[in-house]
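Accompanying notes for the structure given below.
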Amino acid sequence: MTVTYVDVSAPFRIIGPDMPGEPADEREKFARITTEYPDENAEALQRAFLQSKLRLARTDPDLDLEDRDRMASALAERFEQDFGVTEEPVPTRLGYGFLYYQSFKRAFSTGTSLGWDIICPDTPGGNVRDFLYVTAMNRAVKGHEAFVAYYAQHAPSFCLWDWAQPAPHQLQLDVPWSSMGAYRRTVNSHGLPRQVIGVTLTTAESSPGRWSNIVQLYNHVHDRHDLIYQFDYAATLAQQTAMSTFGNWGPIVETFQPAYSGTKPLGTLGASTCTRDVGGNWSPWGLLTPNQSYVHNGNVGFRTEFLDPNYNFAVRS
């Protein structure tokens, strides 16, 4: 079969009243902002991020003990850092959210995309004194995750981590909150206004053996999707769909404290997936379902404000 690759981007999700608008390429602007306004917590953020993923690998409920050890060792070796792989397992750093079943996680051929609105107040509130992330991946092992990163009660930043990038360059974007005004909007959900950022994460084969990780944000000022990041790299379908912890999480609240209290609502609205087949054709967008993912509660103090299985949730403590 001959496959013609024209556009690796998934079709736009209809978000604004007049979508789809003409998309804009804002990659240079986002890269420049990251460089011009360095985050003083960037190094600590990266280390916390990797250590959290190690803990997730070592406690993944969908992997057996041998696979957990293999994933943890591979992570430490890949990033050439000692994260204490030989220590006894510690509780996962997943506060609450959706994890993909492995059967669904691996069910794509030439592309996968996740679209979701991050529920992200200007500060997390409560007793947050360390990092706290609201993040997600689109199922691809060598995919990427866009996330809102909180630290204590400071204004958060919008970050992009690309697992396909070589170490130590995975943190590609770290954008201050003050630069995200065109992407933060307020919607009403379950009786209350929620500040959200609309994100689309796409991983797709651009030609045989070549893949692209693409990030688009919904710009509510201009009612359009903005391309803010793209990275092209070599990979195989077997690598992208391997049995792995990488790519295993949909929208989640990722935690770094043993207990939380008094936090504002965090979560997701409208988590949807889109799949590209062997012929290069994208499926329609579909809301994430309980047949594709399951809810994980890390029991660190968060209570569910609402849950629409499995595409909407908000938690607070």
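By convention here, the chains of the structure tokens are called A, B, ... in the order presented, each chain's residues are numbered starting at 1, and ligands are numbered starting at 1 in the order presented.
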So that I can see what lies close to stretch 95-105 of chain A, please list as a PDB file with N, CA and C atoms, in the first residue's frame the residues with an atom at most 7 Å from it, counting only C-alpha atoms and leaving out residues fewer than 4 positions away in the same chain.
ATOM      1  N   ARG A 139      -0.661   9.161  24.095  1.00  0.00           N
ATOM      2  CA  ARG A 139      -0.475   7.709  23.942  1.00  0.00           C
ATOM      3  C   ARG A 139       0.864   7.332  23.324  1.00  0.00           C
ATOM      4  N   ASN A 248       1.442   6.768  28.908  1.00  0.00           N
ATOM      5  CA  ASN A 248       0.396   6.002  29.566  1.00  0.00           C
ATOM      6  C   ASN A 248      -0.685   6.858  30.206  1.00  0.00           C
ATOM      7  N   TRP A 249      -0.429   8.162  30.366  1.00  0.00           N
ATOM      8  CA  TRP A 249      -1.379   8.991  31.101  1.00  0.00           C
ATOM      9  C   TRP A 249      -2.088   9.970  30.182  1.00  0.00           C
ATOM     10  N   GLY A 250      -3.419  10.030  30.348  1.00  0.00           N
ATOM     11  CA  GLY A 250      -4.200  11.110  29.781  1.00  0.00           C
ATOM     12  C   GLY A 250      -4.124  12.276  30.755  1.00  0.00           C
ATOM     13  N   PRO A 251      -5.138  13.124  30.812  1.00  0.00           N
ATOM     14  CA  PRO A 251      -5.104  14.248  31.759  1.00  0.00           C
ATOM     15  C   PRO A 251      -4.995  13.781  33.208  1.00  0.00           C
ATOM     16  N   ILE A 252      -3.981  14.283  33.903  1.00  0.00           N
ATOM     17  CA  ILE A 252      -3.757  13.926  35.305  1.00  0.00           C
ATOM     18  C   ILE A 252      -3.305  15.159  36.088  1.00  0.00           C
ATOM     19  N   VAL A 253      -3.490  15.091  37.395  1.00  0.00           N
ATOM     20  CA  VAL A 253      -2.867  16.024  38.331  1.00  0.00           C
ATOM     21  C   VAL A 253      -1.687  15.288  38.943  1.00  0.00           C
ATOM     22  N   GLU A 254      -0.497  15.785  38.687  1.00  0.00           N
ATOM     23  CA  GLU A 254       0.731  15.128  39.124  1.00  0.00           C
ATOM     24  C   GLU A 254       1.246  15.831  40.375  1.00  0.00           C
ATOM     25  N   THR A 255       1.466  15.064  41.434  1.00  0.00           N
ATOM     26  CA  THR A 255       1.685  15.645  42.753  1.00  0.00           C
ATOM     27  C   THR A 255       3.091  15.367  43.287  1.00  0.00           C
ATOM     28  N   GLN A 292     -11.544   3.105  27.293  1.00  0.00           N
ATOM     29  CA  GLN A 292     -10.204   3.447  26.833  1.00  0.00           C
ATOM     30  C   GLN A 292      -9.271   3.827  27.967  1.00  0.00           C
ATOM     31  N   SER A 293      -9.822   4.234  29.082  1.00  0.00           N
ATOM     32  CA  SER A 293      -9.018   4.722  30.203  1.00  0.00           C
ATOM     33  C   SER A 293      -9.743   4.421  31.501  1.00  0.00           C
ATOM     34  N   TYR A 294      -8.988   4.520  32.587  1.00  0.00           N
ATOM     35  CA  TYR A 294      -9.584   4.316  33.902  1.00  0.00           C
ATOM     36  C   TYR A 294      -9.137   5.443  34.833  1.00  0.00           C
ATOM     37  N   VAL A 295      -9.907   5.661  35.878  1.00  0.00           N
ATOM     38  CA  VAL A 295      -9.632   6.741  36.829  1.00  0.00           C
ATOM     39  C   VAL A 295      -8.715   6.220  37.928  1.00  0.00           C
ATOM     40  N   HIS A 296      -7.655   6.969  38.164  1.00  0.00           N
ATOM     41  CA  HIS A 296      -6.734   6.630  39.253  1.00  0.00           C
ATOM     42  C   HIS A 296      -6.789   7.734  40.291  1.00  0.00           C
ATOM     43  N   ASN A 297      -6.996   7.357  41.543  1.00  0.00           N
ATOM     44  CA  ASN A 297      -6.992   8.291  42.662  1.00  0.00           C
ATOM     45  C   ASN A 297      -5.824   7.935  43.568  1.00  0.00           C
ATOM     46  N   GLY A 298      -4.869   8.858  43.684  1.00  0.00           N
ATOM     47  CA  GLY A 298      -3.684   8.594  44.480  1.00  0.00           C
ATOM     48  C   GLY A 298      -3.876   8.746  45.976  1.00  0.00           C
ATOM     49  N   ASN A 299      -5.092   9.154  46.402  1.00  0.00           N
ATOM     50  CA  ASN A 299      -5.401   9.267  47.839  1.00  0.00           C
ATOM     51  C   ASN A 299      -4.405  10.171  48.570  1.00  0.00           C
ATOM     52  N   VAL A 300      -4.216  11.366  48.011  1.00  0.00           N
ATOM     53  CA  VAL A 300      -3.339  12.347  48.667  1.00  0.00           C
ATOM     54  C   VAL A 300      -4.137  13.574  49.113  1.00  0.00           C
TER      55      VAL A 300
END
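The spacing separating atom CA of A:Arg224 from atom CA of A:Val199 amounts to 11.9 Å.
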Determine, counting only C-alpha atoms, which protein, DNA and RNA residues have an atom within 6 Å of an atom of A:Trp211; residues of the same chain fewer than 6 positions away are not included. Present the result as a CSV table (one decimal) with C-alpha atoms, in the first residue's frame.
chain,number,residue,atom,x,y,z
A,204,ALA,CA,2.1,11.5,13.5
A,205,GLU,CA,4.2,9.9,10.9
A,232,ASP,CA,10.6,15.9,13.6
A,233,TYR,CA,12.5,12.7,14.4
**Request:** Report as JSON, numbers by chain: the residues of stretch 24-263 of chain A with a DSSP assignment of strand (DSSP E or B), based on the backbone of this structure.
**Result:** {"A": [24, 25, 94, 95, 96, 97, 98, 99, 100, 111, 112, 113, 114, 115, 116, 117, 118, 119, 125, 131, 132, 133, 134, 135, 144, 145, 146, 147, 148, 149, 150, 151, 157, 158, 159, 160, 161, 162, 171, 172, 173, 174, 175, 176, 184, 185, 186, 187, 188, 189, 192, 193, 194, 195, 196, 197, 198, 199, 200, 201, 202, 203, 204, 205, 206, 207, 210, 211, 212, 213, 214, 215, 216, 217, 218, 219, 224, 225, 226, 227, 228, 229, 230, 231, 232, 233, 234, 249, 250, 251, 252, 253, 254, 263]}
Selection export as an mmCIF file, in the first residue's frame, atoms kept: C-alpha atoms:
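Result file follows (result-v9.cif):
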data_model
loop_
_atom_site.group_PDB
_atom_site.id
_atom_site.type_symbol
_atom_site.label_atom_id
_atom_site.label_comp_id
_atom_site.auth_asym_id
_atom_site.auth_seq_id
_atom_site.Cartn_x
_atom_site.Cartn_y
_atom_site.Cartn_z
ATOM 1 C CA ALA A 24 -0.969 30.899 12.937
ATOM 2 C CA ASP A 25 2.631 29.753 13.335
ATOM 3 C CA LEU A 94 -0.188 10.688 40.542
ATOM 4 C CA GLY A 95 -2.758 12.606 42.546
ATOM 5 C CA TYR A 96 -5.748 12.010 40.302
ATOM 6 C CA GLY A 97 -6.542 11.458 36.646
ATOM 7 C CA PHE A 98 -7.038 9.191 33.660
ATOM 8 C CA LEU A 99 -4.637 6.411 32.708
ATOM 9 C CA TYR A 100 -4.936 4.698 29.323
ATOM 10 C CA GLY A 111 -0.850 9.058 14.264
ATOM 11 C CA THR A 112 -2.555 9.880 17.537
ATOM 12 C CA SER A 113 -3.813 13.168 18.964
ATOM 13 C CA LEU A 114 -5.206 14.327 22.299
ATOM 14 C CA GLY A 115 -7.213 17.508 22.702
ATOM 15 C CA TRP A 116 -8.153 18.824 26.135
ATOM 16 C CA ASP A 117 -8.817 21.964 28.137
ATOM 17 C CA ILE A 118 -6.582 22.269 31.195
ATOM 18 C CA ILE A 119 -8.452 23.629 34.226
ATOM 19 C CA GLY A 125 -4.195 27.630 46.653
ATOM 20 C CA PHE A 131 5.689 21.495 42.393
ATOM 21 C CA LEU A 132 2.249 20.499 41.129
ATOM 22 C CA TYR A 133 1.502 19.743 37.472
ATOM 23 C CA VAL A 134 -1.639 19.332 35.369
ATOM 24 C CA THR A 135 -0.434 17.363 32.375
ATOM 25 C CA HIS A 144 5.226 14.890 24.343
ATOM 26 C CA GLU A 145 3.263 16.560 27.106
ATOM 27 C CA ALA A 146 2.123 20.129 27.556
ATOM 28 C CA PHE A 147 1.437 21.038 31.159
ATOM 29 C CA VAL A 148 0.719 23.831 33.591
ATOM 30 C CA ALA A 149 3.472 23.783 36.217
ATOM 31 C CA TYR A 150 2.766 25.254 39.643
ATOM 32 C CA TYR A 151 5.397 25.905 42.276
ATOM 33 C CA SER A 157 4.203 28.512 33.836
ATOM 34 C CA PHE A 158 3.128 26.708 30.681
ATOM 35 C CA CYS A 159 5.630 23.997 29.780
ATOM 36 C CA LEU A 160 6.313 21.546 26.966
ATOM 37 C CA TRP A 161 8.274 18.345 27.543
ATOM 38 C CA ASP A 162 9.232 16.304 24.465
ATOM 39 C CA LEU A 171 12.017 20.700 28.422
ATOM 40 C CA GLN A 172 11.489 22.713 25.256
ATOM 41 C CA LEU A 173 9.103 25.431 26.431
ATOM 42 C CA ASP A 174 8.765 27.125 29.818
ATOM 43 C CA VAL A 175 6.554 30.173 29.299
ATOM 44 C CA PRO A 176 5.599 32.619 32.072
ATOM 45 C CA ARG A 184 -6.336 31.537 28.969
ATOM 46 C CA ARG A 185 -10.090 31.794 28.745
ATOM 47 C CA THR A 186 -13.026 31.278 31.096
ATOM 48 C CA VAL A 187 -15.759 28.718 30.447
ATOM 49 C CA ASN A 188 -18.713 27.650 32.561
ATOM 50 C CA SER A 189 -18.779 24.012 33.639
ATOM 51 C CA LEU A 192 -18.987 27.523 37.994
ATOM 52 C CA PRO A 193 -16.584 29.542 35.802
ATOM 53 C CA ARG A 194 -13.311 27.706 35.055
ATOM 54 C CA GLN A 195 -10.128 29.161 33.627
ATOM 55 C CA VAL A 196 -8.798 26.819 30.958
ATOM 56 C CA ILE A 197 -6.141 26.496 28.238
ATOM 57 C CA GLY A 198 -7.096 24.496 25.135
ATOM 58 C CA VAL A 199 -4.280 22.169 24.037
ATOM 59 C CA THR A 200 -3.900 19.725 21.145
ATOM 60 C CA LEU A 201 -1.011 17.241 21.245
ATOM 61 C CA THR A 202 -0.376 15.381 17.985
ATOM 62 C CA THR A 203 2.169 12.694 17.145
ATOM 63 C CA ALA A 204 2.057 11.522 13.538
ATOM 64 C CA GLU A 205 4.199 9.860 10.895
ATOM 65 C CA SER A 206 5.262 12.426 8.292
ATOM 66 C CA SER A 207 6.957 9.877 5.993
ATOM 67 C CA ARG A 210 9.819 9.839 10.353
ATOM 68 C CA TRP A 211 7.455 11.275 12.955
ATOM 69 C CA SER A 212 6.472 14.731 14.222
ATOM 70 C CA ASN A 213 5.415 15.934 17.655
ATOM 71 C CA ILE A 214 3.144 18.952 17.293
ATOM 72 C CA VAL A 215 1.516 21.274 19.845
ATOM 73 C CA GLN A 216 -1.325 23.685 19.123
ATOM 74 C CA LEU A 217 -3.051 26.049 21.532
ATOM 75 C CA TYR A 218 -6.454 27.613 21.128
ATOM 76 C CA ASN A 219 -6.124 31.405 20.841
ATOM 77 C CA ARG A 224 -7.919 30.094 16.008
ATOM 78 C CA HIS A 225 -5.419 27.351 16.799
ATOM 79 C CA ASP A 226 -1.789 28.492 17.064
ATOM 80 C CA LEU A 227 1.074 26.158 16.221
ATOM 81 C CA ILE A 228 3.572 26.679 19.059
ATOM 82 C CA TYR A 229 5.921 23.707 18.674
ATOM 83 C CA GLN A 230 6.970 20.986 16.241
ATOM 84 C CA PHE A 231 9.808 18.451 16.360
ATOM 85 C CA ASP A 232 10.588 15.927 13.622
ATOM 86 C CA TYR A 233 12.507 12.744 14.418
ATOM 87 C CA ALA A 234 13.175 9.148 13.411
ATOM 88 C CA TRP A 249 -1.379 8.991 31.101
ATOM 89 C CA GLY A 250 -4.200 11.110 29.781
ATOM 90 C CA PRO A 251 -5.104 14.248 31.759
ATOM 91 C CA ILE A 252 -3.757 13.926 35.305
ATOM 92 C CA VAL A 253 -2.867 16.024 38.331
ATOM 93 C CA GLU A 254 0.731 15.128 39.124
ATOM 94 C CA THR A 263 -6.443 23.574 46.858
#
**Message:** Which residues are close to A:Leu237, i.e. within 8 Å by only C-alpha atoms, leaving aside same-chain residues fewer than 6 positions away? Reply as a list in words.
**Reply:** Ser109, Thr110 and Gly209 of chain A
**Request:** Determine which residues of stretch 30-243 of chain A DSSP labels as helix (DSSP H, G or I) from the backbone of this structure, then write them out as a PyMOL selection string.
**Result:** chain A and resi 30-36+42-58+65-78+102-105+177-179+237-240
